[in-house]
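Student: Pasting a structure below so you can have a look.
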Amino acid sequence: RRASLLSVTRYTSTAASRSISTLVVAEHEGGCIKASSVNAVEAARLLGHDNSITVLLAGSGPSLERAASSASSCHPSVSKVLVAHSDRFTHSLAEPWARLIQLVQQSGGYSHVVAASGSFGKNIVPRAAALLDVSPVTDVTQISEPLQFVRPIYAGNALCTVRYTGAEPCLLTIRSTSFPVDLQETGSKSNDAPISWVDLSTFEEESIGKSWYMKLTSQDTERPDLGNARVVVTGGRGLKSAENFKMIEKLAEKLGGAVGATRAAVDAGFVPNDLQVGQTGKIVAPELYMAFGVSGAIQHIAGMRDSKVIVAVNKDSDAPIFQVADYGLVGDLFEVIPELIEKLPDK
Ligand code: FAD
């Protein structure tokens, strides 16, 4: 079930001629650096042995300091943490963040800027690239050389090897699921990297104010984050209603997993769209992915094909999901899910 490797490599003589220094643009929540940003540090580590990695954090309030110390010990390869303290960065609005990246890159002369390819990175990195007058390389899944990357194309059906031939800096967004980190192991080996504050005295304000923060609508925080969960239980249109979808939530709870959904389930209003897995949703690669009443459309597979073990339950034996499943059960989900819930022990 791996995508084929399509090589469209373009080589030029502009290889990296000087040492690498990378700025990792990180997100934090509740005083902790997000797991996907630690994956971005891991990707930065693969850019080269002599790479000096600086983590950039921004925001305001007391949790920022805690997040800075969490960043300084999140990965043994972090050599420095830079913190920008201002209300302007509290809500991850793209304009001030893009300006901040421009300011920090220009003052630090970083050869690479890396961020995880979530909604934060996808929103901010292309704008920062425009300000720096370079073209970003997005959705990177492999790094073999400082300027050579693999990224999926055609909804993940082919992998494309690209060589960055533009000017410095090289801006990347990376798929966090492709750069796994054993958080316990890296945490135990980490040194505390020094923390310093970004001088914002030259920060330009004029581009700011085009967007503003209104409110955050967040789903329950009890369950693991969909993008990083070890188990994901997904429901599709086969669930037929929001009420029935509660079975998926119950099963996920039993397994200590996150809930996912297909776009058809989201469009039908069974669940909110932040649970969507796929080409236009979240990319996941859990240890266990369970799909109930999911046909296996190419756009859905694009978001879960790298899962370690895929289990599919569908009443149609010809459903394409069975082509990527490790374990498939042809059956009625309305019989299978209640039985699973009954037989599985409580978490
Ligand atoms: P269906 O295709 O309708 O499948 C429902 C399945 O449930 C069927 O296989 C049926 O046999 C089974 N079923 C029904 N009743 C039962 C039962 N009682 N027991 C067991 N099985 C049952 N989709 C995504 O998921 N994510 C994306 O990010 C995404 N992005 C897209 C982007 C674009 C540009 C486009 C064009 C489409 C995108 N889609 C995406 C939509 C995608 O093409 C499919 O329409 C969608 O994934 C189908 O969802 P589904 O499998 O839930 O529904």
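Ordered as shown in the structure tokens, chains take letters A, B, and onward, while each chain numbers its residues from 1 and ligands are numbered from 1 in the order shown.
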Can you tell me which residues surround stretch 163-172 of chain A at a distance of at most 10 Å, considering only C-alpha atoms, apart from same-chain residues fewer than 2 positions away, and format the answer as a ChimeraX atom specification?

Tutor: /A:8-16,21-24,40,43-44,105-106,109-117,121-122,125-126,128-129,132-140,145-150,160-161,174-175

Student: Which parts of stretch 31-172 of chain A does DSSP call strand (DSSP E) when run on the backbone here, written out as a PyMOL selection string?

Tutor: chain A and resi 32-33+52-59+78-85+112-116+137-140+142-145+148-153+158-163+170-172

Student: Mind listing the residues within 7 Å of ligand 1, only C-alpha atoms and all ligand atoms counted, as a ChimeraX atom specification?

Tutor: /A:235-239,261-265,276-281,292-300,303,313-316,319,331-334

Student: Just how far from atom CA of A:Ile301 is atom CA of A:Gly328, in Å to one decimal?

Tutor: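 Taking atom CA of A:Gly328 and atom CA of A:Ile301, their separation equals 15.0 Å.
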
Student: One number please: atom CA of A:Lys240 to atom CA of A:Arg223, in Å, one decimal.

Tutor: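 Computing it gives 23.1 Å between the two atoms.
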
Student: When distances are computed from only C-alpha atoms, which of A:Asn228, A:Asn244, A:Ser144, A:Ser119 shows the smallest separation from A:Ala35?

Tutor: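 Ranked by minimum distance to A:Ala35, first place goes to A:Asn228.
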
Student: Write out as JSON, numbers by chain all residues of stretch 75-177 of chain A that backbone DSSP assigns to helix (DSSP H, G or I).

Tutor: {"A": [87, 88, 89, 94, 95, 96, 97, 98, 99, 100, 101, 102, 103, 104, 105, 106, 107, 108, 119, 120, 121, 122, 123, 124, 125, 126, 127, 128, 129, 130, 131, 132, 176, 177]}

Student: For A:Asp274, list every protein, DNA or RNA residue within 10 Å, evaluated using only C-alpha atoms, and leave out those in the same chain fewer than 3 positions away; present the list as number ranges by chain.

Tutor: A: 218-219, 226, 260-261, 266, 271, 277, 281-282

Student: Those residues with all heavy atoms, as a short mmCIF file (atom, residue, chain, number, x, y, z; two decimals), in the first residue's frame please?

Tutor:
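Result file follows (result.cif):
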```
data_model
loop_
_atom_site.label_atom_id
_atom_site.label_comp_id
_atom_site.auth_asym_id
_atom_site.auth_seq_id
_atom_site.Cartn_x
_atom_site.Cartn_y
_atom_site.Cartn_z
N SER A 218 -13.42 24.84 20.39
CA SER A 218 -12.61 23.64 20.52
C SER A 218 -13.47 22.46 20.95
O SER A 218 -14.39 22.62 21.75
CB SER A 218 -11.52 23.91 21.56
OG SER A 218 -10.83 22.76 21.84
N GLN A 219 -13.16 21.30 20.41
CA GLN A 219 -13.88 20.09 20.83
C GLN A 219 -13.32 19.63 22.16
O GLN A 219 -12.43 20.25 22.71
CB GLN A 219 -13.72 19.01 19.75
CG GLN A 219 -14.38 19.38 18.44
CD GLN A 219 -15.84 19.75 18.60
OE1 GLN A 219 -16.61 18.98 19.16
NE2 GLN A 219 -16.23 20.91 18.14
N LEU A 226 -6.01 14.09 17.38
CA LEU A 226 -6.15 13.20 16.20
C LEU A 226 -4.82 13.02 15.45
O LEU A 226 -4.48 11.91 15.05
CB LEU A 226 -7.24 13.79 15.28
CG LEU A 226 -7.55 13.07 13.98
CD1 LEU A 226 -7.95 11.62 14.22
CD2 LEU A 226 -8.65 13.80 13.22
N GLY A 260 -11.98 9.87 14.26
CA GLY A 260 -11.80 10.45 12.94
C GLY A 260 -13.09 10.29 12.14
O GLY A 260 -14.00 9.57 12.55
N ALA A 261 -13.15 10.97 11.01
CA ALA A 261 -14.35 10.89 10.18
C ALA A 261 -13.98 11.09 8.72
O ALA A 261 -12.95 11.69 8.41
CB ALA A 261 -15.36 11.96 10.60
N VAL A 266 -18.59 14.19 7.71
CA VAL A 266 -18.53 15.60 8.13
C VAL A 266 -19.59 16.41 7.38
O VAL A 266 -20.35 17.16 7.98
CB VAL A 266 -17.11 16.17 7.88
CG1 VAL A 266 -17.09 17.69 8.02
CG2 VAL A 266 -16.10 15.54 8.83
N VAL A 271 -20.33 14.94 12.53
CA VAL A 271 -19.26 15.44 13.42
C VAL A 271 -18.66 16.72 12.82
O VAL A 271 -18.82 16.96 11.62
CB VAL A 271 -18.12 14.40 13.59
CG1 VAL A 271 -18.47 13.32 14.58
CG2 VAL A 271 -17.69 13.82 12.27
N VAL A 277 -10.38 13.13 8.24
CA VAL A 277 -9.09 12.54 7.87
C VAL A 277 -9.03 12.47 6.35
O VAL A 277 -10.00 12.07 5.72
CB VAL A 277 -8.97 11.11 8.45
CG1 VAL A 277 -7.72 10.40 7.93
CG2 VAL A 277 -8.96 11.15 9.98
N GLY A 281 -8.22 16.91 4.93
CA GLY A 281 -8.38 16.88 6.38
C GLY A 281 -7.04 16.65 7.04
O GLY A 281 -6.01 17.13 6.56
N LYS A 282 -7.04 15.89 8.13
CA LYS A 282 -5.78 15.62 8.84
C LYS A 282 -5.07 14.41 8.25
O LYS A 282 -5.72 13.48 7.74
CB LYS A 282 -6.08 15.34 10.32
CG LYS A 282 -6.77 16.50 11.03
CD LYS A 282 -5.96 16.98 12.24
CE LYS A 282 -6.41 18.33 12.72
NZ LYS A 282 -7.66 18.34 13.46
#
```

Student: Considering only C-alpha atoms, return as a PyMOL selection string whatever protein or nucleic-acid residues lie within 7 Å of A:Ala26, sequence-local ones (same chain, fewer than 3 positions apart) excluded.

Tutor: chain A and resi 37+55-57+115

Student: Residues of the last selection are to be written out with N, CA and C atoms, as a PDB file, in the first residue's frame.

Tutor:
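The resulting result13.pdb:
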```
ATOM      1  N   SER A  37       5.623  19.902  16.702  1.00  0.00           N
ATOM      2  CA  SER A  37       6.797  20.773  16.581  1.00  0.00           C
ATOM      3  C   SER A  37       8.074  20.010  16.939  1.00  0.00           C
ATOM      4  N   VAL A  55      14.853  26.867  18.073  1.00  0.00           N
ATOM      5  CA  VAL A  55      13.387  26.767  18.099  1.00  0.00           C
ATOM      6  C   VAL A  55      12.819  28.158  18.382  1.00  0.00           C
ATOM      7  N   LEU A  56      11.869  28.583  17.549  1.00  0.00           N
ATOM      8  CA  LEU A  56      11.230  29.890  17.742  1.00  0.00           C
ATOM      9  C   LEU A  56       9.827  29.701  18.311  1.00  0.00           C
ATOM     10  N   LEU A  57       9.584  30.345  19.452  1.00  0.00           N
ATOM     11  CA  LEU A  57       8.255  30.316  20.079  1.00  0.00           C
ATOM     12  C   LEU A  57       7.781  31.742  20.219  1.00  0.00           C
ATOM     13  N   ALA A 115       8.634  24.058   9.712  1.00  0.00           N
ATOM     14  CA  ALA A 115       7.455  24.011  10.592  1.00  0.00           C
ATOM     15  C   ALA A 115       6.648  22.773  10.239  1.00  0.00           C
TER      16      ALA A 115
END
```

Student: To one decimal place, how far is atom CA of A:Leu344 from atom CA of A:Lys254 in Å?

Tutor: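 Separation of atom CA of A:Leu344 and atom CA of A:Lys254: 7.0 Å.
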
Student: List as a PyMOL selection string the protein and nucleic acid residues near A:Val309, meaning an atom at most 8 Å away when only C-alpha atoms are counted, but skip any in the same chain fewer than 3 places from it.

Tutor: chain A and resi 286-289+325-327

Student: Please produce a file of those selected residues containing all heavy atoms, as a compact mmCIF listing (two decimals), in the first residue's frame.

Tutor:
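Resulting contents of part_28.txt:
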```
# COMPACT_ATOMS: atom_id res chain seq x y z
N PRO A 286 -1.41 6.44 12.86
CA PRO A 286 -1.37 5.81 14.19
C PRO A 286 -0.89 4.35 14.13
O PRO A 286 -0.76 3.78 13.05
CB PRO A 286 -2.85 5.88 14.62
CG PRO A 286 -3.61 5.83 13.35
CD PRO A 286 -2.77 6.53 12.33
N GLU A 287 -0.71 3.77 15.30
CA GLU A 287 -0.37 2.34 15.37
C GLU A 287 -1.56 1.52 14.86
O GLU A 287 -1.37 0.51 14.21
CB GLU A 287 -0.14 1.93 16.84
CG GLU A 287 0.90 2.75 17.58
CD GLU A 287 2.27 2.26 17.30
OE1 GLU A 287 2.45 1.04 17.29
OE2 GLU A 287 3.17 3.10 17.08
N LEU A 288 -2.77 1.97 15.22
CA LEU A 288 -3.98 1.24 14.82
C LEU A 288 -5.01 2.22 14.26
O LEU A 288 -5.36 3.20 14.92
CB LEU A 288 -4.57 0.52 16.05
CG LEU A 288 -5.94 -0.15 15.86
CD1 LEU A 288 -5.87 -1.27 14.83
CD2 LEU A 288 -6.45 -0.69 17.20
N TYR A 289 -5.48 1.95 13.03
CA TYR A 289 -6.52 2.77 12.41
C TYR A 289 -7.71 1.88 12.13
O TYR A 289 -7.60 0.88 11.42
CB TYR A 289 -6.00 3.38 11.10
CG TYR A 289 -6.93 4.40 10.49
CD1 TYR A 289 -6.86 5.73 10.86
CD2 TYR A 289 -7.89 4.02 9.55
CE1 TYR A 289 -7.73 6.68 10.32
CE2 TYR A 289 -8.76 4.96 9.00
CZ TYR A 289 -8.67 6.28 9.40
OH TYR A 289 -9.52 7.23 8.86
N ALA A 325 -6.44 -2.43 3.80
CA ALA A 325 -6.61 -2.93 5.16
C ALA A 325 -5.70 -4.12 5.44
O ALA A 325 -5.48 -4.97 4.58
CB ALA A 325 -8.07 -3.32 5.38
N ASP A 326 -5.16 -4.19 6.66
CA ASP A 326 -4.42 -5.37 7.10
C ASP A 326 -5.41 -6.42 7.59
O ASP A 326 -5.19 -7.61 7.45
CB ASP A 326 -3.46 -4.99 8.24
CG ASP A 326 -2.44 -3.97 7.76
OD1 ASP A 326 -1.54 -4.36 7.01
OD2 ASP A 326 -2.57 -2.78 8.10
N TYR A 327 -6.49 -5.96 8.23
CA TYR A 327 -7.55 -6.85 8.69
C TYR A 327 -8.88 -6.30 8.18
O TYR A 327 -9.18 -5.12 8.43
CB TYR A 327 -7.60 -6.94 10.22
CG TYR A 327 -6.33 -7.50 10.82
CD1 TYR A 327 -5.32 -6.64 11.26
CD2 TYR A 327 -6.15 -8.88 10.95
CE1 TYR A 327 -4.15 -7.14 11.78
CE2 TYR A 327 -4.97 -9.38 11.48
CZ TYR A 327 -3.98 -8.52 11.89
OH TYR A 327 -2.82 -9.02 12.41
```

Student: Leaving out A:Ile341 and any residue of its chain fewer than 2 positions from it, which residues lie within 10 Å of it when counting only C-alpha atoms, given as a VMD selection string?

Tutor: chain A and resid 247 to 248 250 to 255 336 to 339 343 to 346

Student: Dump N, CA, C and O atoms for the selected residues as a PDB file, in the first residue's frame?

Tutor:
```
ATOM      1  N   MET A 247     -21.468   5.789  18.750  1.00  0.00           N
ATOM      2  CA  MET A 247     -20.857   4.452  18.927  1.00  0.00           C
ATOM      3  C   MET A 247     -19.357   4.506  18.653  1.00  0.00           C
ATOM      4  O   MET A 247     -18.564   3.844  19.311  1.00  0.00           O
ATOM      5  N   ILE A 248     -18.989   5.306  17.635  1.00  0.00           N
ATOM      6  CA  ILE A 248     -17.567   5.460  17.284  1.00  0.00           C
ATOM      7  C   ILE A 248     -16.840   6.127  18.459  1.00  0.00           C
ATOM      8  O   ILE A 248     -15.738   5.719  18.845  1.00  0.00           O
ATOM      9  N   LYS A 250     -17.667   6.099  21.588  1.00  0.00           N
ATOM     10  CA  LYS A 250     -17.607   5.159  22.719  1.00  0.00           C
ATOM     11  C   LYS A 250     -16.477   4.146  22.506  1.00  0.00           C
ATOM     12  O   LYS A 250     -15.716   3.836  23.434  1.00  0.00           O
ATOM     13  N   LEU A 251     -16.383   3.656  21.277  1.00  0.00           N
ATOM     14  CA  LEU A 251     -15.322   2.687  20.988  1.00  0.00           C
ATOM     15  C   LEU A 251     -13.945   3.343  21.124  1.00  0.00           C
ATOM     16  O   LEU A 251     -13.013   2.748  21.686  1.00  0.00           O
ATOM     17  N   ALA A 252     -13.825   4.573  20.623  1.00  0.00           N
ATOM     18  CA  ALA A 252     -12.549   5.295  20.733  1.00  0.00           C
ATOM     19  C   ALA A 252     -12.176   5.472  22.205  1.00  0.00           C
ATOM     20  O   ALA A 252     -11.013   5.303  22.594  1.00  0.00           O
ATOM     21  N   GLU A 253     -13.173   5.783  23.008  1.00  0.00           N
ATOM     22  CA  GLU A 253     -12.945   5.957  24.454  1.00  0.00           C
ATOM     23  C   GLU A 253     -12.411   4.661  25.065  1.00  0.00           C
ATOM     24  O   GLU A 253     -11.450   4.669  25.826  1.00  0.00           O
ATOM     25  N   LYS A 254     -13.011   3.551  24.691  1.00  0.00           N
ATOM     26  CA  LYS A 254     -12.578   2.250  25.221  1.00  0.00           C
ATOM     27  C   LYS A 254     -11.135   1.955  24.844  1.00  0.00           C
ATOM     28  O   LYS A 254     -10.397   1.318  25.591  1.00  0.00           O
ATOM     29  N   LEU A 255     -10.750   2.394  23.658  1.00  0.00           N
ATOM     30  CA  LEU A 255      -9.404   2.090  23.160  1.00  0.00           C
ATOM     31  C   LEU A 255      -8.404   3.206  23.474  1.00  0.00           C
ATOM     32  O   LEU A 255      -7.244   3.136  23.081  1.00  0.00           O
ATOM     33  N   VAL A 336     -21.232  -5.102  14.633  1.00  0.00           N
ATOM     34  CA  VAL A 336     -19.828  -5.267  15.039  1.00  0.00           C
ATOM     35  C   VAL A 336     -19.432  -4.292  16.152  1.00  0.00           C
ATOM     36  O   VAL A 336     -18.807  -4.692  17.145  1.00  0.00           O
ATOM     37  N   ILE A 337     -19.804  -3.013  16.003  1.00  0.00           N
ATOM     38  CA  ILE A 337     -19.347  -2.026  16.993  1.00  0.00           C
ATOM     39  C   ILE A 337     -19.925  -2.306  18.392  1.00  0.00           C
ATOM     40  O   ILE A 337     -19.166  -2.359  19.365  1.00  0.00           O
ATOM     41  N   PRO A 338     -21.244  -2.546  18.527  1.00  0.00           N
ATOM     42  CA  PRO A 338     -21.744  -2.840  19.876  1.00  0.00           C
ATOM     43  C   PRO A 338     -21.066  -4.064  20.505  1.00  0.00           C
ATOM     44  O   PRO A 338     -20.785  -4.087  21.699  1.00  0.00           O
ATOM     45  N   GLU A 339     -20.757  -5.067  19.663  1.00  0.00           N
ATOM     46  CA  GLU A 339     -20.099  -6.263  20.202  1.00  0.00           C
ATOM     47  C   GLU A 339     -18.688  -5.930  20.689  1.00  0.00           C
ATOM     48  O   GLU A 339     -18.254  -6.390  21.751  1.00  0.00           O
ATOM     49  N   LYS A 343     -17.289  -6.267  24.477  1.00  0.00           N
ATOM     50  CA  LYS A 343     -16.231  -7.224  24.828  1.00  0.00           C
ATOM     51  C   LYS A 343     -14.931  -6.573  25.269  1.00  0.00           C
ATOM     52  O   LYS A 343     -14.137  -7.196  25.978  1.00  0.00           O
ATOM     53  N   LEU A 344     -14.695  -5.328  24.831  1.00  0.00           N
ATOM     54  CA  LEU A 344     -13.425  -4.685  25.223  1.00  0.00           C
ATOM     55  C   LEU A 344     -13.496  -4.223  26.679  1.00  0.00           C
ATOM     56  O   LEU A 344     -14.532  -3.710  27.115  1.00  0.00           O
ATOM     57  N   PRO A 345     -12.414  -4.399  27.415  1.00  0.00           N
ATOM     58  CA  PRO A 345     -12.430  -3.918  28.804  1.00  0.00           C
ATOM     59  C   PRO A 345     -12.414  -2.398  28.841  1.00  0.00           C
ATOM     60  O   PRO A 345     -11.955  -1.753  27.898  1.00  0.00           O
ATOM     61  N   ASP A 346     -12.907  -1.824  29.951  1.00  0.00           N
ATOM     62  CA  ASP A 346     -12.867  -0.363  30.096  1.00  0.00           C
ATOM     63  C   ASP A 346     -11.441   0.085  30.246  1.00  0.00           C
ATOM     64  O   ASP A 346     -10.612  -0.626  30.807  1.00  0.00           O
TER      65      ASP A 346
END
```

Student: When distances are computed from only C-alpha atoms, which of A:Ala302, A:Val284, A:Cys74, A:Ile143 shows the smallest separation from A:Leu47?

Tutor: A:Ile143

Student: Write out as a PyMOL selection string which residues come within 8 Å of A:Arg99 when counting only C-alpha atoms, dropping same-chain ones fewer than 6 positions away.

Tutor: chain A and resi 128+131+203-204

Student: Using only C-alpha atoms, can you tell me which of A:Ile283, A:Ala84, A:Ile33, A:Leu200 comes closest to A:Ser72?

Tutor: A:Ile33
